[in-house]
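Okay, so here's the structure we're looking at.
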Amino acid sequence: MKKIILVFLISLLLGVSAFAFDDAKGSSMAGSLSASAEGAIANWYNPARLSADDKNDIVLSYQNPYNAANLTAMKFGYKQSLSFVNFGLYYDSIQAGNIYGNTKIGLNLSKRFDAILKKTSLLVGVGAILRDKYINSSLSHAYRYISPDAGVDILYQASTKLQINLATDFQFDTQSQDITLVPAIGIKLRKVGLLNIGVNVLEKKYSAGIESKLLYKFFVLRAGGAIIQPSKMLSFSLNSGLGFKFDNFGLDLAYVFNQALGGYAIASVQFIL
Amino acid sequence: MKNLKFIFLFIFFFYISSASAYFLFDNFEDGDEFNNFKGVWYTMSDADEDTSQIYDFNGDGIKQGTLVVPGSEDAALPVYGGANGSSYCFSMYMDLVISEFKDVGLYQSPYGALGASLGEAPDGSNKIVDLSQYYGIGFYVKSDAVSNFQFQAEDAKGQIWLESYKYDCHINSPNVWQLIMVPFAQMTKADTMSNTTWKAEGASAFGFAGENTFNVDAVDGITFFVSDPNVKGNFLIDDVYFLTESEFAMGMLPIDSNHNGIYDAQDALRLLNVQYSDTMTDTFNLELFFNRSDVKGNLDISITDLSGGLLKQLSMKLDENSSVVSKIIQKNDDNGNVFKEGLYILKVKFSDNFGNKVVKKLGLALN
């Protein structure tokens, strides 16, 4: 138990960064899903969460962040459960016209250790991110470097219906020397919904989100909000979203309203393999 | 026969060239207070005059009873909602009230007017524009309150502004754009200057010895003049043309493709570019490009991080005859922290002189 607490505290101190633009499911709950992400989207929030279940899936996400004229962002995530470890792969791209480009290829491995304590599991994930960044200008230069990514999740199965997760993700950007830490708490009520509370320490983003499965089996509602304060000037966002699931196909839509920048929509599709 | 063809062609082109000899005085689509003779548009009222008969009720030096918006000291800029589907026109709000008599036996003459000085000639010279090549003036007018007004032209001879000539006009339907065409030859000397009150207060000082026929080549200003008492409402002018006789006979205003285009404020803010500075310097040069060089306005800019966290606010001004604005910006945000290399969001709120507000967001890459 002491080791688990130690690992968790170290992860809190180190910290990490999620990519600045989330997928539709995460965005609708204002991001910071370190303790709640499931499936391929766990690649972006916390590699440890890749072993939260044993489903295999692919996620594609597209957005025009803040409806900015020259910005586009897309994501691709893949998760495969193997007998001894769960494997994740993702590709992110954000472009500002032909001026700026930032792409990431991430590779993650995750392992679940059950029954370390009664009703408690430890999910551990590690990964590497190949970053490729360019700013096309008269002094143009490109960066291509590898950064480490890691995450932990302490899962407590309080009952057959209630699951509580304490988790954090941390990434180290070897080029900027930034450490991003995203600790979060996730409370999951089976067949009812999810509550997620998280903090992005580097970006000073404090977020909370809920997901309700009360209405229909194939339909979920999501809502969230975040307070962002990178400087003395505080702003906030109010997020909402819908999720549909038909057999092996899922569609998630999110709408983000940011007080400083206005609203925009995000669409993601999921294929369960 | 061959020569005859050339003669017909010559006549045709002569007709075409003479037929397009009109002058677009202003259609207000450029959003500024200047007409195309580089003179200014303004408003005026009897309350502006020292000799106004409007009584100063409160004794505070402000004469009561007449209100004109914009006032004579305010910027007289076009407003949205021009004639024939165009975007902009020139507007004046009036509240002309006869409230009390200043002295027993005297009566008030409240008025409000939209005016324009002819200013410089198109060639930039400082002389008064010669309007003698034109047969008359055509313009659109609309009002929700005024049924009668005068078109007046001021004769600059001797710098006596009271030497004006008028043409009485009627607005047939309220709040509908109506074409008015005034032949200069039918303008008569303004009789408002010859009433007994004016004479009693100093007719000799002004003198009324000017010519009784309108001398168009000496005009240095035009006025749309409303003097009905108890008028309260808007008075709008658009598409003011000086026309030749042949154009006048057509009974409609010319279609000027260069000036009748509708200004699309949404489209004006076109492109962002950043002139990168060296990583080692503490500034960068921000350049914004516009589709329209003739549009002027202010830019309120917010720089945020990718999460929408507000980092820096600044303002820039889009100056006349430029489609580019640039500004050297410190890399420190408003909290004193230095911007790191990377991508930010630039939120640009563009406010033009018409009151349009356009907000656009763009990626801002810094190195």
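Numbering starts fresh at 1 for the residues of each chain in the structure tokens, the chains themselves are lettered A, B, ... in the order given, and ligands are numbered from 1 as they appear.
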
Taking only C-alpha atoms into account, find every residue of chain A that has an atom no more than 7 Å from chain B, and write it out as a PDB file with C-alpha atoms, in the first residue's frame.
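The file below, iface.pdb, is the result:
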```
ATOM      1  CA  ALA A  20      -4.529  20.530 -25.895  1.00  0.00           C
ATOM      2  CA  ASN A  67     -13.806  27.671 -35.393  1.00  0.00           C
ATOM      3  CA  ALA A  68     -10.529  29.416 -36.038  1.00  0.00           C
ATOM      4  CA  ALA A  69     -10.125  30.057 -39.733  1.00  0.00           C
ATOM      5  CA  ASN A  70      -6.810  28.300 -40.194  1.00  0.00           C
ATOM      6  CA  LEU A  71      -6.920  25.619 -37.499  1.00  0.00           C
ATOM      7  CA  ALA A  96      -2.494  26.278 -38.296  1.00  0.00           C
ATOM      8  CA  TYR A 100       2.352  25.676 -37.778  1.00  0.00           C
ATOM      9  CA  ILE A 135       6.907  26.599 -37.461  1.00  0.00           C
ATOM     10  CA  SER A 137       8.817  31.086 -41.148  1.00  0.00           C
ATOM     11  CA  ILE A 228      -8.857  27.978 -16.784  1.00  0.00           C
ATOM     12  CA  GLN A 229      -6.437  30.434 -15.251  1.00  0.00           C
ATOM     13  CA  PRO A 230      -3.016  30.451 -16.908  1.00  0.00           C
ATOM     14  CA  SER A 231      -2.562  34.074 -15.858  1.00  0.00           C
ATOM     15  CA  LYS A 232      -4.421  36.445 -13.586  1.00  0.00           C
ATOM     16  CA  MET A 233      -7.204  36.543 -16.149  1.00  0.00           C
ATOM     17  CA  LEU A 234      -9.612  33.721 -15.511  1.00  0.00           C
ATOM     18  CA  SER A 235     -11.836  32.151 -18.099  1.00  0.00           C
ATOM     19  CA  ASN A 258     -15.312  28.803 -23.991  1.00  0.00           C
ATOM     20  CA  ALA A 260     -12.904  33.729 -24.047  1.00  0.00           C
ATOM     21  CA  LEU A 261     -13.144  32.165 -27.476  1.00  0.00           C
TER      22      LEU A 261
END
```

Name the residues in contact with stretch 55-58 of chain A at a cut-off of 8 Å, using only C-alpha atoms, excluding same-chain residues fewer than 2 positions from it; report them as a PyMOL selection string. chain A and resi 39-40+53+60+76-81+270-273

By how many Å are atom CA of B:Val176 and atom CA of B:Glu247 apart? 23.4 Å

How many Å lie between atom CA of B:Gly136 and atom CA of B:Phe242, rounded to one decimal?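 Distance between the two atoms: 5.9 Å.
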
For A:Asn196, which residue out of A:Lys119, A:Arg112, A:Lys245, A:Arg222 is the nearest one, using only C-alpha atoms?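 Result for the nearest residue to A:Asn196: A:Arg222.
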
Helix (DSSP H, G or I) positions in stretch 12-228 of chain A, given as a VMD selection string: chain A and resid 12 to 14 24 to 28 39 to 45 47 to 51 65 to 67

Please produce a file of the residues just selected, as a PDB file, in the first residue's frame, where the atoms kept are N, CA, C and O atoms.
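Final output, part_33.pdb:
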```
ATOM      1  N   LEU A  12       1.966  12.704  -8.948  1.00  0.00           N
ATOM      2  CA  LEU A  12       1.401  14.033  -8.693  1.00  0.00           C
ATOM      3  C   LEU A  12       2.474  15.105  -8.820  1.00  0.00           C
ATOM      4  O   LEU A  12       2.238  16.189  -9.337  1.00  0.00           O
ATOM      5  N   LEU A  13       3.675  14.780  -8.334  1.00  0.00           N
ATOM      6  CA  LEU A  13       4.746  15.761  -8.366  1.00  0.00           C
ATOM      7  C   LEU A  13       5.294  15.957  -9.778  1.00  0.00           C
ATOM      8  O   LEU A  13       5.686  17.058 -10.156  1.00  0.00           O
ATOM      9  N   LEU A  14       5.329  14.894 -10.549  1.00  0.00           N
ATOM     10  CA  LEU A  14       5.919  15.025 -11.877  1.00  0.00           C
ATOM     11  C   LEU A  14       4.991  15.719 -12.865  1.00  0.00           C
ATOM     12  O   LEU A  14       5.292  16.781 -13.390  1.00  0.00           O
ATOM     13  N   ALA A  24     -14.243  14.013 -28.618  1.00  0.00           N
ATOM     14  CA  ALA A  24     -15.594  14.488 -28.306  1.00  0.00           C
ATOM     15  C   ALA A  24     -16.058  14.041 -26.927  1.00  0.00           C
ATOM     16  O   ALA A  24     -16.663  14.809 -26.175  1.00  0.00           O
ATOM     17  N   LYS A  25     -15.758  12.780 -26.581  1.00  0.00           N
ATOM     18  CA  LYS A  25     -16.225  12.276 -25.290  1.00  0.00           C
ATOM     19  C   LYS A  25     -15.555  13.039 -24.149  1.00  0.00           C
ATOM     20  O   LYS A  25     -16.203  13.485 -23.201  1.00  0.00           O
ATOM     21  N   GLY A  26     -14.244  13.211 -24.263  1.00  0.00           N
ATOM     22  CA  GLY A  26     -13.513  13.936 -23.219  1.00  0.00           C
ATOM     23  C   GLY A  26     -13.888  15.401 -23.175  1.00  0.00           C
ATOM     24  O   GLY A  26     -14.046  15.982 -22.096  1.00  0.00           O
ATOM     25  N   SER A  27     -14.051  16.009 -24.338  1.00  0.00           N
ATOM     26  CA  SER A  27     -14.384  17.438 -24.367  1.00  0.00           C
ATOM     27  C   SER A  27     -15.737  17.714 -23.743  1.00  0.00           C
ATOM     28  O   SER A  27     -15.929  18.732 -23.090  1.00  0.00           O
ATOM     29  N   SER A  28     -16.680  16.802 -23.970  1.00  0.00           N
ATOM     30  CA  SER A  28     -18.013  17.060 -23.431  1.00  0.00           C
ATOM     31  C   SER A  28     -18.011  17.019 -21.906  1.00  0.00           C
ATOM     32  O   SER A  28     -18.901  17.549 -21.271  1.00  0.00           O
ATOM     33  N   GLY A  39     -11.116   2.542 -23.174  1.00  0.00           N
ATOM     34  CA  GLY A  39     -10.916   2.248 -24.582  1.00  0.00           C
ATOM     35  C   GLY A  39      -9.759   3.039 -25.157  1.00  0.00           C
ATOM     36  O   GLY A  39      -8.859   3.507 -24.448  1.00  0.00           O
ATOM     37  N   ALA A  40      -9.825   3.235 -26.476  1.00  0.00           N
ATOM     38  CA  ALA A  40      -8.696   3.864 -27.168  1.00  0.00           C
ATOM     39  C   ALA A  40      -8.450   5.301 -26.730  1.00  0.00           C
ATOM     40  O   ALA A  40      -7.329   5.807 -26.831  1.00  0.00           O
ATOM     41  N   ILE A  41      -9.511   5.982 -26.243  1.00  0.00           N
ATOM     42  CA  ILE A  41      -9.298   7.379 -25.831  1.00  0.00           C
ATOM     43  C   ILE A  41      -8.384   7.474 -24.608  1.00  0.00           C
ATOM     44  O   ILE A  41      -7.835   8.534 -24.322  1.00  0.00           O
ATOM     45  N   ALA A  42      -8.194   6.336 -23.906  1.00  0.00           N
ATOM     46  CA  ALA A  42      -7.277   6.353 -22.759  1.00  0.00           C
ATOM     47  C   ALA A  42      -5.857   6.703 -23.194  1.00  0.00           C
ATOM     48  O   ALA A  42      -5.059   7.208 -22.397  1.00  0.00           O
ATOM     49  N   ASN A  43      -5.536   6.451 -24.453  1.00  0.00           N
ATOM     50  CA  ASN A  43      -4.224   6.836 -24.976  1.00  0.00           C
ATOM     51  C   ASN A  43      -3.912   8.303 -24.701  1.00  0.00           C
ATOM     52  O   ASN A  43      -2.775   8.679 -24.469  1.00  0.00           O
ATOM     53  N   TRP A  44      -4.949   9.144 -24.786  1.00  0.00           N
ATOM     54  CA  TRP A  44      -4.729  10.592 -24.675  1.00  0.00           C
ATOM     55  C   TRP A  44      -4.793  11.095 -23.236  1.00  0.00           C
ATOM     56  O   TRP A  44      -4.303  12.164 -22.941  1.00  0.00           O
ATOM     57  N   TYR A  45      -5.448  10.356 -22.376  1.00  0.00           N
ATOM     58  CA  TYR A  45      -5.673  10.872 -21.027  1.00  0.00           C
ATOM     59  C   TYR A  45      -4.806  10.195 -19.971  1.00  0.00           C
ATOM     60  O   TYR A  45      -4.367  10.842 -19.030  1.00  0.00           O
ATOM     61  N   PRO A  47      -2.320   6.465 -20.016  1.00  0.00           N
ATOM     62  CA  PRO A  47      -2.060   5.137 -20.603  1.00  0.00           C
ATOM     63  C   PRO A  47      -2.439   3.999 -19.654  1.00  0.00           C
ATOM     64  O   PRO A  47      -2.758   2.891 -20.108  1.00  0.00           O
ATOM     65  N   ALA A  48      -2.427   4.242 -18.355  1.00  0.00           N
ATOM     66  CA  ALA A  48      -2.808   3.195 -17.405  1.00  0.00           C
ATOM     67  C   ALA A  48      -4.241   2.739 -17.632  1.00  0.00           C
ATOM     68  O   ALA A  48      -4.582   1.565 -17.434  1.00  0.00           O
ATOM     69  N   ARG A  49      -5.101   3.658 -18.085  1.00  0.00           N
ATOM     70  CA  ARG A  49      -6.516   3.337 -18.254  1.00  0.00           C
ATOM     71  C   ARG A  49      -6.774   2.423 -19.456  1.00  0.00           C
ATOM     72  O   ARG A  49      -7.904   1.981 -19.663  1.00  0.00           O
ATOM     73  N   LEU A  50      -5.740   2.123 -20.229  1.00  0.00           N
ATOM     74  CA  LEU A  50      -5.903   1.166 -21.329  1.00  0.00           C
ATOM     75  C   LEU A  50      -6.265  -0.219 -20.807  1.00  0.00           C
ATOM     76  O   LEU A  50      -6.827  -1.044 -21.537  1.00  0.00           O
ATOM     77  N   SER A  51      -5.910  -0.484 -19.548  1.00  0.00           N
ATOM     78  CA  SER A  51      -6.260  -1.796 -18.988  1.00  0.00           C
ATOM     79  C   SER A  51      -7.486  -1.724 -18.086  1.00  0.00           C
ATOM     80  O   SER A  51      -7.720  -2.608 -17.273  1.00  0.00           O
ATOM     81  N   PRO A  65     -10.866  23.710 -34.004  1.00  0.00           N
ATOM     82  CA  PRO A  65     -10.899  24.302 -32.660  1.00  0.00           C
ATOM     83  C   PRO A  65     -11.273  25.787 -32.692  1.00  0.00           C
ATOM     84  O   PRO A  65     -10.684  26.566 -33.437  1.00  0.00           O
ATOM     85  N   TYR A  66     -12.252  26.121 -31.903  1.00  0.00           N
ATOM     86  CA  TYR A  66     -12.728  27.502 -31.764  1.00  0.00           C
ATOM     87  C   TYR A  66     -13.168  28.087 -33.107  1.00  0.00           C
ATOM     88  O   TYR A  66     -13.210  29.302 -33.267  1.00  0.00           O
ATOM     89  N   ASN A  67     -13.439  27.223 -34.057  1.00  0.00           N
ATOM     90  CA  ASN A  67     -13.806  27.671 -35.393  1.00  0.00           C
ATOM     91  C   ASN A  67     -12.790  28.669 -35.954  1.00  0.00           C
ATOM     92  O   ASN A  67     -13.139  29.559 -36.725  1.00  0.00           O
TER      93      ASN A  67
END
```

State, in Å with one decimal place, the distance from atom CA of B:Lys142 to atom CA of B:Ser164.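 Atom-to-atom, atom CA of B:Lys142 to atom CA of B:Ser164, that is 23.1 Å.
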